[in-house]
$ cat input_0.cif   # mmCIF, C-alpha atoms and all ligand atoms
data_work
loop_
_atom_site.group_PDB
_atom_site.id
_atom_site.type_symbol
_atom_site.label_atom_id
_atom_site.label_comp_id
_atom_site.auth_asym_id
_atom_site.auth_seq_id
_atom_site.Cartn_x
_atom_site.Cartn_y
_atom_site.Cartn_z
ATOM 1 C CA MET A 5 11.149 -12.109 -24.945
ATOM 2 C CA SER A 6 8.749 -11.746 -22.011
ATOM 3 C CA THR A 7 5.809 -9.353 -22.061
ATOM 4 C CA ARG A 8 3.815 -7.449 -19.454
ATOM 5 C CA GLU A 9 1.123 -10.090 -19.880
ATOM 6 C CA ASP A 10 3.679 -12.772 -18.864
ATOM 7 C CA LEU A 11 4.446 -10.756 -15.734
ATOM 8 C CA LYS A 12 0.750 -10.461 -14.909
ATOM 9 C CA THR A 13 0.245 -14.207 -15.392
ATOM 10 C CA ALA A 14 3.302 -15.037 -13.268
ATOM 11 C CA ILE A 15 1.930 -12.960 -10.374
ATOM 12 C CA ILE A 16 -1.570 -14.413 -10.690
ATOM 13 C CA ASN A 17 -0.079 -17.917 -10.614
ATOM 14 C CA GLY A 18 2.321 -17.054 -7.786
ATOM 15 C CA LYS A 19 5.423 -17.893 -9.828
ATOM 16 C CA ARG A 20 8.036 -15.982 -7.856
ATOM 17 C CA LYS A 21 11.010 -17.255 -9.853
ATOM 18 C CA ASP A 22 9.389 -16.175 -13.120
ATOM 19 C CA VAL A 23 8.666 -12.738 -11.669
ATOM 20 C CA LYS A 24 12.328 -12.414 -10.718
ATOM 21 C CA THR A 25 13.494 -13.118 -14.257
ATOM 22 C CA ILE A 26 10.741 -11.295 -16.172
ATOM 23 C CA ILE A 27 11.021 -7.914 -14.403
ATOM 24 C CA PRO A 28 14.749 -7.306 -15.093
ATOM 25 C CA GLU A 29 14.165 -8.437 -18.684
ATOM 26 C CA LEU A 30 11.325 -5.936 -19.158
ATOM 27 C CA LEU A 31 13.227 -3.100 -17.461
ATOM 28 C CA GLU A 32 16.220 -3.885 -19.641
ATOM 29 C CA ALA A 33 13.953 -3.703 -22.700
ATOM 30 C CA GLY A 34 12.914 -0.178 -21.741
ATOM 31 C CA GLU A 35 9.671 -0.683 -19.799
ATOM 32 C CA THR A 36 9.233 1.813 -16.968
ATOM 33 C CA PRO A 37 8.698 0.575 -13.407
ATOM 34 C CA VAL A 38 5.507 2.641 -13.160
ATOM 35 C CA ASP A 39 4.076 0.943 -16.265
ATOM 36 C CA LEU A 40 5.009 -2.497 -14.942
ATOM 37 C CA LEU A 41 3.267 -1.666 -11.701
ATOM 38 C CA GLU A 42 0.164 -0.070 -13.140
ATOM 39 C CA LYS A 43 -0.312 -2.157 -16.286
ATOM 40 C CA ALA A 44 0.715 -5.613 -15.078
ATOM 41 C CA MET A 45 1.301 -6.009 -11.347
ATOM 42 C CA ILE A 46 -1.669 -4.154 -9.826
ATOM 43 C CA PRO A 47 -4.063 -5.599 -12.458
ATOM 44 C CA ALA A 48 -2.711 -9.068 -11.511
ATOM 45 C CA MET A 49 -3.730 -8.539 -7.889
ATOM 46 C CA SER A 50 -7.158 -7.273 -9.002
ATOM 47 C CA ALA A 51 -7.578 -10.439 -11.078
ATOM 48 C CA VAL A 52 -6.676 -12.554 -8.048
ATOM 49 C CA GLY A 53 -9.265 -10.636 -5.993
ATOM 50 C CA GLU A 54 -11.913 -11.318 -8.642
ATOM 51 C CA LYS A 55 -11.055 -15.028 -8.653
ATOM 52 C CA PHE A 56 -11.237 -15.113 -4.849
ATOM 53 C CA LYS A 57 -14.657 -13.418 -4.933
ATOM 54 C CA ASN A 58 -15.865 -16.033 -7.431
ATOM 55 C CA ASN A 59 -14.471 -18.937 -5.376
ATOM 56 C CA GLU A 60 -12.016 -19.834 -8.135
ATOM 57 C CA VAL A 61 -9.037 -19.423 -5.774
ATOM 58 C CA PHE A 62 -8.762 -19.468 -1.985
ATOM 59 C CA VAL A 63 -6.562 -17.867 0.700
ATOM 60 C CA PRO A 64 -3.441 -20.035 0.035
ATOM 61 C CA GLU A 65 -3.450 -19.088 -3.651
ATOM 62 C CA MET A 66 -4.025 -15.438 -2.746
ATOM 63 C CA LEU A 67 -1.020 -15.671 -0.457
ATOM 64 C CA VAL A 68 1.335 -17.085 -3.107
ATOM 65 C CA SER A 69 0.235 -14.366 -5.526
ATOM 66 C CA ALA A 70 0.896 -11.772 -2.832
ATOM 67 C CA ARG A 71 4.393 -13.206 -2.288
ATOM 68 C CA ALA A 72 5.117 -13.050 -6.016
ATOM 69 C CA MET A 73 3.861 -9.451 -6.062
ATOM 70 C CA LYS A 74 6.133 -8.541 -3.136
ATOM 71 C CA GLU A 75 9.103 -10.157 -4.867
ATOM 72 C CA GLY A 76 8.345 -7.993 -7.890
ATOM 73 C CA MET A 77 7.982 -4.873 -5.791
ATOM 74 C CA LYS A 78 11.434 -5.475 -4.289
ATOM 75 C CA LEU A 79 12.831 -5.380 -7.819
ATOM 76 C CA ILE A 80 11.092 -2.216 -8.946
ATOM 77 C CA GLU A 81 11.295 -0.260 -5.689
ATOM 78 C CA PRO A 82 14.858 1.021 -6.272
ATOM 79 C CA ALA A 83 13.842 2.348 -9.672
ATOM 80 C CA LEU A 84 10.687 3.933 -8.229
ATOM 81 C CA ILE A 85 12.587 5.822 -5.553
ATOM 82 C CA GLU A 86 15.555 6.627 -7.760
ATOM 83 C CA ALA A 87 14.271 10.131 -8.250
ATOM 84 C CA GLY A 88 14.210 10.509 -4.467
ATOM 85 C CA ILE A 89 15.677 13.581 -2.885
ATOM 86 C CA LYS A 90 16.666 14.541 0.646
ATOM 87 C CA PRO A 91 13.687 13.896 2.977
ATOM 88 C CA LYS A 92 11.652 17.052 3.549
ATOM 89 C CA HIS A 93 9.057 15.506 5.840
ATOM 90 C CA THR A 94 8.759 12.487 8.089
ATOM 91 C CA ALA A 95 5.781 10.195 7.562
ATOM 92 C CA ILE A 96 4.528 7.233 9.540
ATOM 93 C CA ILE A 97 2.483 4.575 7.808
ATOM 94 C CA GLY A 98 0.771 1.361 8.874
ATOM 95 C CA THR A 99 -2.104 -0.986 8.199
ATOM 96 C CA VAL A 100 -4.669 -0.635 10.959
ATOM 97 C CA GLU A 101 -5.417 -3.143 13.696
ATOM 98 C CA GLY A 102 -7.018 -6.395 12.551
ATOM 99 C CA ASP A 103 -5.841 -6.018 8.969
ATOM 100 C CA LEU A 104 -2.916 -7.976 7.480
ATOM 101 C CA HIS A 105 -2.933 -6.579 3.930
ATOM 102 C CA ASP A 106 0.266 -4.687 3.214
ATOM 103 C CA ILE A 107 0.914 -4.612 -0.526
ATOM 104 C CA GLY A 108 -0.937 -1.344 -1.120
ATOM 105 C CA LYS A 109 0.482 0.193 2.051
ATOM 106 C CA ASN A 110 4.007 -0.775 0.952
ATOM 107 C CA LEU A 111 3.399 0.849 -2.418
ATOM 108 C CA VAL A 112 2.290 4.081 -0.791
ATOM 109 C CA ALA A 113 5.423 3.953 1.403
ATOM 110 C CA THR A 114 7.573 3.474 -1.705
ATOM 111 C CA MET A 115 5.937 6.376 -3.531
ATOM 112 C CA TRP A 116 6.316 8.621 -0.504
ATOM 113 C CA LYS A 117 10.005 7.710 -0.292
ATOM 114 C CA GLY A 118 10.292 8.548 -3.984
ATOM 115 C CA ALA A 119 8.704 11.925 -3.275
ATOM 116 C CA GLY A 120 11.408 12.644 -0.717
ATOM 117 C CA PHE A 121 9.657 11.702 2.528
ATOM 118 C CA GLU A 122 11.415 9.819 5.291
ATOM 119 C CA VAL A 123 8.993 6.947 5.892
ATOM 120 C CA ILE A 124 8.649 4.945 9.091
ATOM 121 C CA ASP A 125 6.651 1.832 8.338
ATOM 122 C CA LEU A 126 4.928 0.290 11.355
ATOM 123 C CA GLY A 127 3.803 -2.772 9.393
ATOM 124 C CA VAL A 128 0.404 -4.437 9.628
ATOM 125 C CA ASN A 129 -2.184 -4.993 12.360
ATOM 126 C CA VAL A 130 -1.062 -1.817 14.109
ATOM 127 C CA PRO A 131 -3.079 -0.911 17.224
ATOM 128 C CA PRO A 132 -4.016 2.762 17.783
ATOM 129 C CA ALA A 133 -1.644 3.007 20.781
ATOM 130 C CA GLN A 134 1.293 1.992 18.594
ATOM 131 C CA PHE A 135 0.512 4.825 16.138
ATOM 132 C CA VAL A 136 0.332 7.239 19.076
ATOM 133 C CA ASP A 137 3.670 6.024 20.499
ATOM 134 C CA ALA A 138 5.339 6.292 17.094
ATOM 135 C CA ILE A 139 4.051 9.857 16.670
ATOM 136 C CA LYS A 140 5.521 10.754 20.080
ATOM 137 C CA THR A 141 8.873 9.261 19.072
ATOM 138 C CA HIS A 142 9.216 10.444 15.483
ATOM 139 C CA GLN A 143 7.150 13.681 15.414
ATOM 140 C CA PRO A 144 5.988 13.101 11.813
ATOM 141 C CA ALA A 145 4.245 15.677 9.668
ATOM 142 C CA ILE A 146 1.908 13.033 8.292
ATOM 143 C CA VAL A 147 0.452 9.667 9.308
ATOM 144 C CA GLY A 148 -0.899 7.218 6.728
ATOM 145 C CA LEU A 149 -3.477 4.582 7.614
ATOM 146 C CA SER A 150 -4.311 1.720 5.275
ATOM 147 C CA ALA A 151 -7.243 -0.723 5.468
ATOM 148 C CA LEU A 152 -8.381 -3.310 2.937
ATOM 149 C CA LEU A 153 -11.304 -4.867 4.765
ATOM 150 C CA THR A 154 -14.691 -3.336 5.434
ATOM 151 C CA THR A 155 -14.428 -4.980 8.864
ATOM 152 C CA THR A 156 -11.237 -3.071 9.728
ATOM 153 C CA MET A 157 -12.479 0.351 8.611
ATOM 154 C CA PRO A 158 -13.684 1.048 12.185
ATOM 155 C CA SER A 159 -10.059 0.576 13.355
ATOM 156 C CA MET A 160 -9.231 3.645 11.289
ATOM 157 C CA LYS A 161 -11.854 5.642 13.125
ATOM 158 C CA THR A 162 -10.495 4.445 16.489
ATOM 159 C CA THR A 163 -6.942 5.279 15.413
ATOM 160 C CA VAL A 164 -7.831 8.806 14.257
ATOM 161 C CA ALA A 165 -9.674 9.373 17.552
ATOM 162 C CA ALA A 166 -6.727 8.026 19.599
ATOM 163 C CA ILE A 167 -4.275 10.327 17.793
ATOM 164 C CA ARG A 168 -6.457 13.385 18.388
ATOM 165 C CA GLU A 169 -7.202 12.399 22.010
ATOM 166 C CA ALA A 170 -3.449 12.126 22.632
ATOM 167 C CA GLY A 171 -3.247 15.823 21.728
ATOM 168 C CA PHE A 172 -1.699 15.519 18.263
ATOM 169 C CA ASP A 173 -3.964 18.056 16.592
ATOM 170 C CA THR A 174 -1.614 19.237 13.889
ATOM 171 C CA VAL A 175 -0.259 15.941 12.512
ATOM 172 C CA LYS A 176 -2.007 15.314 9.204
ATOM 173 C CA ILE A 177 -3.772 11.970 8.814
ATOM 174 C CA LEU A 178 -4.196 10.487 5.346
ATOM 175 C CA ILE A 179 -6.196 7.311 4.783
ATOM 176 C CA GLY A 180 -6.620 4.871 1.916
ATOM 177 C CA GLY A 181 -7.336 1.324 0.858
ATOM 178 C CA ALA A 182 -9.817 -0.396 -1.425
ATOM 179 C CA PRO A 183 -12.999 0.146 0.673
ATOM 180 C CA ILE A 184 -12.088 3.703 1.736
ATOM 181 C CA THR A 185 -13.750 6.807 0.314
ATOM 182 C CA GLN A 186 -13.436 10.558 0.724
ATOM 183 C CA SER A 187 -16.743 10.613 2.553
ATOM 184 C CA TYR A 188 -15.425 8.036 5.045
ATOM 185 C CA ALA A 189 -12.355 10.215 5.553
ATOM 186 C CA ASP A 190 -14.618 13.193 6.238
ATOM 187 C CA GLU A 191 -16.785 11.131 8.559
ATOM 188 C CA ILE A 192 -13.895 9.998 10.794
ATOM 189 C CA GLY A 193 -12.048 13.319 10.771
ATOM 190 C CA ALA A 194 -9.051 12.322 8.631
ATOM 191 C CA ASP A 195 -7.304 15.192 6.846
ATOM 192 C CA GLY A 196 -7.105 13.475 3.492
ATOM 193 C CA TYR A 197 -7.833 10.429 1.345
ATOM 194 C CA ALA A 198 -6.079 8.940 -1.664
ATOM 195 C CA GLN A 199 -7.427 6.302 -3.999
ATOM 196 C CA ASP A 200 -4.068 4.903 -5.078
ATOM 197 C CA ALA A 201 -0.365 5.088 -4.345
ATOM 198 C CA GLY A 202 0.288 7.699 -7.042
ATOM 199 C CA SER A 203 -2.352 10.082 -5.753
ATOM 200 C CA ALA A 204 -1.165 9.431 -2.176
ATOM 201 C CA VAL A 205 1.862 11.597 -3.006
ATOM 202 C CA ASP A 206 -0.266 14.500 -4.267
ATOM 203 C CA ALA A 207 -2.715 14.068 -1.399
ATOM 204 C CA ALA A 208 0.100 14.094 1.173
ATOM 205 C CA LYS A 209 1.613 17.216 -0.355
ATOM 206 C CA ALA A 210 -1.790 18.918 -0.553
ATOM 207 C CA THR A 211 -2.526 18.030 3.063
ATOM 208 C CA LEU A 212 0.809 19.470 4.127
ATOM 209 C CA GLY A 213 0.325 22.538 1.940
ATOM 210 C CA ALA A 214 3.584 21.647 0.152
ATOM 211 C CA ALA A 215 4.239 22.041 -3.563
HETATM 212 CO CO1 LIG B 1 -7.522 -10.387 1.262
HETATM 213 N N1 LIG B 1 -9.272 -9.609 0.855
HETATM 214 N N2 LIG B 1 -8.299 -11.305 2.828
HETATM 215 N N3 LIG B 1 -5.816 -11.276 1.422
HETATM 216 N N4 LIG B 1 -7.159 -9.745 -0.464
HETATM 217 C C1 LIG B 1 -9.329 -8.645 -0.254
HETATM 218 C C2 LIG B 1 -9.060 -7.226 0.260
HETATM 219 C C3 LIG B 1 -10.811 -8.850 -0.786
HETATM 220 C C4 LIG B 1 -11.397 -7.593 -1.463
HETATM 221 C C5 LIG B 1 -10.875 -10.080 -1.726
HETATM 222 C C6 LIG B 1 -12.258 -10.292 -2.310
HETATM 223 O O1 LIG B 1 -13.136 -10.754 -1.637
HETATM 224 N N5 LIG B 1 -12.457 -9.932 -3.551
HETATM 225 C C7 LIG B 1 -11.556 -9.248 0.546
HETATM 226 C C8 LIG B 1 -12.119 -8.064 1.363
HETATM 227 C C9 LIG B 1 -13.624 -7.971 1.278
HETATM 228 C C10 LIG B 1 -14.109 -6.813 2.074
HETATM 229 O O2 LIG B 1 -13.771 -6.575 3.193
HETATM 230 N N6 LIG B 1 -14.957 -6.046 1.427
HETATM 231 C C11 LIG B 1 -10.462 -9.983 1.293
HETATM 232 C C12 LIG B 1 -10.687 -10.911 2.339
HETATM 233 C C13 LIG B 1 -12.144 -11.241 2.621
HETATM 234 C C14 LIG B 1 -9.641 -11.481 3.106
HETATM 235 C C15 LIG B 1 -9.763 -12.453 4.279
HETATM 236 C C16 LIG B 1 -10.884 -12.110 5.295
HETATM 237 C C17 LIG B 1 -9.932 -13.875 3.664
HETATM 238 C C18 LIG B 1 -10.165 -14.986 4.648
HETATM 239 O O3 LIG B 1 -9.337 -15.245 5.481
HETATM 240 N N7 LIG B 1 -11.321 -15.582 4.510
HETATM 241 C C19 LIG B 1 -8.355 -12.365 4.927
HETATM 242 C C20 LIG B 1 -8.256 -11.266 5.992
HETATM 243 C C21 LIG B 1 -6.931 -11.285 6.715
HETATM 244 C C22 LIG B 1 -6.759 -10.029 7.569
HETATM 245 O O4 LIG B 1 -6.299 -9.014 7.057
HETATM 246 N N8 LIG B 1 -7.098 -10.096 8.837
HETATM 247 C C23 LIG B 1 -7.534 -11.991 3.726
HETATM 248 C C24 LIG B 1 -6.208 -12.358 3.584
HETATM 249 C C25 LIG B 1 -5.432 -12.044 2.477
HETATM 250 C C26 LIG B 1 -4.014 -12.580 2.286
HETATM 251 C C27 LIG B 1 -3.188 -12.610 3.580
HETATM 252 C C28 LIG B 1 -4.109 -13.977 1.721
HETATM 253 C C29 LIG B 1 -3.475 -11.627 1.166
HETATM 254 C C30 LIG B 1 -2.723 -10.381 1.705
HETATM 255 C C31 LIG B 1 -1.226 -10.548 1.651
HETATM 256 C C32 LIG B 1 -0.529 -9.250 1.923
HETATM 257 O O5 LIG B 1 -1.039 -8.125 1.749
HETATM 258 N N9 LIG B 1 0.675 -9.402 2.381
HETATM 259 C C33 LIG B 1 -4.771 -11.100 0.551
HETATM 260 C C34 LIG B 1 -4.845 -10.474 -0.731
HETATM 261 C C35 LIG B 1 -3.598 -10.528 -1.569
HETATM 262 C C36 LIG B 1 -6.026 -9.839 -1.193
HETATM 263 C C37 LIG B 1 -6.303 -9.204 -2.576
HETATM 264 C C38 LIG B 1 -6.483 -10.347 -3.574
HETATM 265 C C39 LIG B 1 -5.259 -8.273 -3.125
HETATM 266 C C40 LIG B 1 -4.907 -7.092 -2.222
HETATM 267 C C41 LIG B 1 -3.772 -6.342 -2.850
HETATM 268 O O6 LIG B 1 -2.638 -6.536 -2.456
HETATM 269 N N10 LIG B 1 -4.088 -5.551 -3.906
HETATM 270 C C42 LIG B 1 -7.643 -8.397 -2.293
HETATM 271 C C43 LIG B 1 -8.529 -8.239 -3.523
HETATM 272 C C44 LIG B 1 -8.328 -6.904 -4.222
HETATM 273 O O7 LIG B 1 -7.797 -5.982 -3.704
HETATM 274 N N11 LIG B 1 -8.845 -6.829 -5.407
HETATM 275 C C45 LIG B 1 -8.147 -9.012 -1.055
HETATM 276 C C46 LIG B 1 -3.067 -4.847 -4.683
HETATM 277 C C47 LIG B 1 -2.723 -3.522 -3.984
HETATM 278 C C48 LIG B 1 -1.695 -2.793 -4.821
HETATM 279 O O8 LIG B 1 -3.896 -2.751 -3.931
HETATM 280 O O9 LIG B 1 -4.068 -2.971 -1.415
HETATM 281 O O10 LIG B 1 -5.961 -1.915 -2.767
HETATM 282 P P1 LIG B 1 -4.516 -2.184 -2.578
HETATM 283 O O11 LIG B 1 -3.789 -0.752 -2.431
HETATM 284 C C49 LIG B 1 -4.008 0.295 -3.341
HETATM 285 C C50 LIG B 1 -5.123 1.267 -2.916
HETATM 286 O O12 LIG B 1 -6.124 0.654 -2.120
HETATM 287 C C51 LIG B 1 -4.394 2.371 -2.257
HETATM 288 O O13 LIG B 1 -3.154 2.424 -2.953
HETATM 289 C C52 LIG B 1 -2.731 1.116 -3.291
HETATM 290 C C53 LIG B 1 -1.930 1.150 -4.567
HETATM 291 O O14 LIG B 1 -2.581 1.796 -5.601
HETATM 292 N N12 LIG B 1 -4.064 2.332 -0.838
HETATM 293 C C54 LIG B 1 -3.813 3.497 -0.186
HETATM 294 C C55 LIG B 1 -3.879 1.314 0.022
HETATM 295 N N13 LIG B 1 -3.529 1.767 1.224
HETATM 296 C C56 LIG B 1 -3.470 3.111 1.121
HETATM 297 C C57 LIG B 1 -3.126 4.093 2.061
HETATM 298 C C58 LIG B 1 -3.135 5.430 1.636
HETATM 299 C C59 LIG B 1 -3.525 5.787 0.345
HETATM 300 C C60 LIG B 1 -3.856 4.825 -0.587
HETATM 301 O O15 LIG B 1 -2.818 6.431 2.426
HETATM 302 C C61 LIG B 1 -2.164 6.179 3.644
#
$ encode --input "input_0.cif" --output "structure tokens"
Amino acid sequence: MSTREDLKTAIINGKRKDVKTIIPELLEAGETPVDLLEKAMIPAMSAVGEKFKNNEVFVPEMLVSARAMKEGMKLIEPALIEAGIKPKHTAIIGTVEGDLHDIGKNLVATMWKGAGFEVIDLGVNVPPAQFVDAIKTHQPAIVGLSALLTTTMPSMKTTVAAIREAGFDTVKILIGGAPITQSYADEIGADGYAQDAGSAVDAAKATLGAA
């Protein structure tokens, strides 16, 4: 019988096939998708980040871990959004220009879907003009920006400025990602900040004044 620790190890080692067999086994045994995410999968990615920082693994290894993580997310996403209800709000989300990290952004998108939002995901490396065009097209209530690199944080500032300069004063902008803080959100004029995917739901609702 597999354990959460086995799942964590499989993601760290980029063993996609193992991830695909372990997750259904654990769900079948009564584990919740949220626990798998928070107690095995996210900690696995943190461990990979630590190893990368200490030069124990390099970009290719980080990539195979990320692929294993994504494989796992595909399996738990249906369960995470199961409680979903009819969309009340439209949200646009993307990782800002220059940044290719999308695991955290995808998780936020999943949680928003689960909270009943219709989510339009623009993907990664999204230039400010693409956010502006998407807002024109979809008229969302909220826009989510994700950044994982200190070097791409300025893209968030440029994106917020571009959205406001295009005249979208009422659309709420929520930002997040490992290097992001509330004070950075305040500094660049974002309406809200969330530290993780779970709090991104509360933060979005608070920003929209919804219960
Ligand atoms: Co990258 N990388 N990476 N990487 N990578 C980090 C971010 C890093 C911290 C690793 C390290 O040094 N310890 C470091 C950044 C250092 C810094 O800027 N301070 C780093 C680096 C340096 C790089 C490259 C520059 C490496 C190189 O090429 N030399 C390069 C940059 C490429 C680019 O983007 N232009 C690079 C590349 C990559 C891969 C492509 C190999 C791969 C990404 C694959 C993918 O995403 N498809 C990768 C990975 C996997 C990581 C780590 C290991 C894991 C990231 C992750 O998925 N975490 C990461 C180390 C780490 O984070 N500990 C690292 C799990 C995920 C669930 O968490 O994304 O933080 P996270 O999302 C959280 C919250 O941040 C929050 O909620 C999420 C869920 O709780 N959140 C939001 C995120 N977005 C939000 C939006 C919101 C609200 C909350 O509202 C809208």
$ residues_near_ligand --input "input_0.cif" --ligand "ligand LIG 1 (chain B)" --cutoff "6 Å" --atoms "all atoms listed in the file" --output "PyMOL selection string"
chain A and resi 46+49-50+52-54+56-57+63+66-67+70+102-109+111+148-150+152-155+178-182+198-201+204
$ closest_residue --input "input_0.cif" --among "A:Ala51, A:Asn110, A:Glu60, A:Lys92" --to "Glu122 of chain A" --atoms "all atoms listed in the file"
A:Lys92
$ closest_residue --input "input_0.cif" --among "A:Pro82, A:Pro132, A:Gly34, A:Gly193" --to "Thr163 of chain A" --atoms "only C-alpha atoms"
A:Pro132
$ residues_around --input "input_0.cif" --residues "Phe172 of chain A" --least-positions-apart "5" --cutoff "10 Å" --atoms "all atoms listed in the file" --output "ChimeraX atom specification"
/A:136,139-140,143,164,166-167
$ atom_distance --input "input_0.cif" --atom1 "atom CA of His93 of chain A" --atom2 "atom CA of Leu126 of chain A"
16.7 Å
$ residues_around --input "input_0.cif" --residues "Glu65 of chain A" --least-positions-apart "3" --cutoff "8 Å" --atoms "only C-alpha atoms" --output "list in words"
Asn17, Gly18, Val61, Phe62, Val68 and Ser69 of chain A
$ atom_distance --input "input_0.cif" --atom1 "atom CA of Leu212 of chain A" --atom2 "atom CA of Ala83 of chain A"
25.6 Å
$ atom_distance --input "input_0.cif" --atom1 "atom CA of Val123 of chain A" --atom2 "atom CA of Asp22 of chain A"
29.9 Å
$ residues_around --input "input_0.cif" --residues "Asp125 of chain A" --least-positions-apart "4" --cutoff "9 Å" --atoms "only C-alpha atoms" --output "ChimeraX atom specification"
/A:95-98,109-110,113
$ write_last_selection --input "input_0.cif" --atoms "C-alpha atoms" --output "PDB file, in the frame of the given file"
ATOM      1  CA  ALA A  95       5.781  10.195   7.562  1.00  0.00           C
ATOM      2  CA  ILE A  96       4.528   7.233   9.540  1.00  0.00           C
ATOM      3  CA  ILE A  97       2.483   4.575   7.808  1.00  0.00           C
ATOM      4  CA  GLY A  98       0.771   1.361   8.874  1.00  0.00           C
ATOM      5  CA  LYS A 109       0.482   0.193   2.051  1.00  0.00           C
ATOM      6  CA  ASN A 110       4.007  -0.775   0.952  1.00  0.00           C
ATOM      7  CA  ALA A 113       5.423   3.953   1.403  1.00  0.00           C
TER       8      ALA A 113
END
$ residues_around --input "input_0.cif" --residues "Ile192 of chain A" --least-positions-apart "3" --cutoff "7 Å" --atoms "all atoms listed in the file" --output "list in words"
Lys161, Tyr188 and Ala189 of chain A
$ write_last_selection --input "input_0.cif" --atoms "C-alpha atoms" --output "CSV table (one decimal), keeping the file's coordinate frame"
chain,number,residue,atom,x,y,z
A,161,LYS,CA,-11.9,5.6,13.1
A,188,TYR,CA,-15.4,8.0,5.0
A,189,ALA,CA,-12.4,10.2,5.6
$ resolve_selection --input "input_0.cif" --expression "the PyMOL selection byres (((chain A and resi 26) around 8) and not hetatm)" --output "count of residues only"
12
$ closest_residue --input "input_0.cif" --among "A:Pro37, A:Trp116, A:Asn58, A:Lys21" --to "Ser203 of chain A" --atoms "all atoms listed in the file"
A:Trp116
$ resolve_selection --input "input_0.cif" --expression "the PyMOL selection byres (((chain A and resi 40-43) around 10) and not hetatm)" --output "PyMOL selection string"
chain A and resi 7-9+11-12+27+30-31+35-39+44-48+73+76-77+80+84+111+202
$ closest_residue --input "input_0.cif" --among "A:Thr141, A:Ala208, A:Gln134, A:Thr13" --to "Met115 of chain A" --atoms "only C-alpha atoms"
A:Ala208
$ closest_residue --input "input_0.cif" --among "A:Ala194, A:Ala33, A:Ala119, A:Ile177" --to "Val147 of chain A" --atoms "all atoms listed in the file"
A:Ile177
$ closest_residue --input "input_0.cif" --among "A:His142, A:Lys176, A:Arg168, A:Lys78" --to "Thr211 of chain A" --atoms "only C-alpha atoms"
A:Lys176
$ decode --input "input_0.cif" --residues "segment 11-22 of chain A" --atoms "N, CA, C and O atoms" --output "tab-separated table (two decimals), in the first residue's frame"
chain	number	residue	atom	x	y	z
A	11	LEU	N	4.27	9.21	-2.64
A	11	LEU	CA	3.85	10.17	-3.66
A	11	LEU	C	4.85	11.32	-3.75
A	11	LEU	O	5.28	11.73	-4.83
A	12	LYS	N	5.24	11.81	-2.56
A	12	LYS	CA	6.21	12.91	-2.52
A	12	LYS	C	7.52	12.50	-3.21
A	12	LYS	O	8.04	13.22	-4.07
A	13	THR	N	7.99	11.30	-2.88
A	13	THR	CA	9.25	10.82	-3.47
A	13	THR	C	9.12	10.66	-4.99
A	13	THR	O	10.03	11.02	-5.74
A	14	ALA	N	7.96	10.16	-5.43
A	14	ALA	CA	7.77	9.95	-6.87
A	14	ALA	C	7.83	11.28	-7.61
A	14	ALA	O	8.41	11.38	-8.70
A	15	ILE	N	7.25	12.33	-7.00
A	15	ILE	CA	7.28	13.65	-7.67
A	15	ILE	C	8.71	14.20	-7.66
A	15	ILE	O	9.21	14.68	-8.68
A	16	ILE	N	9.36	14.10	-6.52
A	16	ILE	CA	10.74	14.61	-6.44
A	16	ILE	C	11.60	13.93	-7.51
A	16	ILE	O	12.39	14.57	-8.20
A	17	ASN	N	11.41	12.62	-7.67
A	17	ASN	CA	12.24	11.87	-8.63
A	17	ASN	C	11.67	11.90	-10.05
A	17	ASN	O	12.21	11.26	-10.94
A	18	GLY	N	10.58	12.61	-10.25
A	18	GLY	CA	10.00	12.75	-11.59
A	18	GLY	C	9.44	11.46	-12.16
A	18	GLY	O	9.44	11.26	-13.37
A	19	LYS	N	8.96	10.59	-11.28
A	19	LYS	CA	8.42	9.29	-11.73
A	19	LYS	C	6.92	9.42	-12.05
A	19	LYS	O	6.05	9.18	-11.19
A	20	ARG	N	6.65	9.84	-13.28
A	20	ARG	CA	5.27	10.10	-13.68
A	20	ARG	C	4.37	8.87	-13.55
A	20	ARG	O	3.23	8.95	-13.12
A	21	LYS	N	4.91	7.71	-14.00
A	21	LYS	CA	4.08	6.50	-13.98
A	21	LYS	C	3.69	6.16	-12.55
A	21	LYS	O	2.56	5.75	-12.27
A	22	ASP	N	4.66	6.29	-11.62
A	22	ASP	CA	4.37	6.00	-10.22
A	22	ASP	C	3.28	6.94	-9.69
A	22	ASP	O	2.36	6.51	-8.99
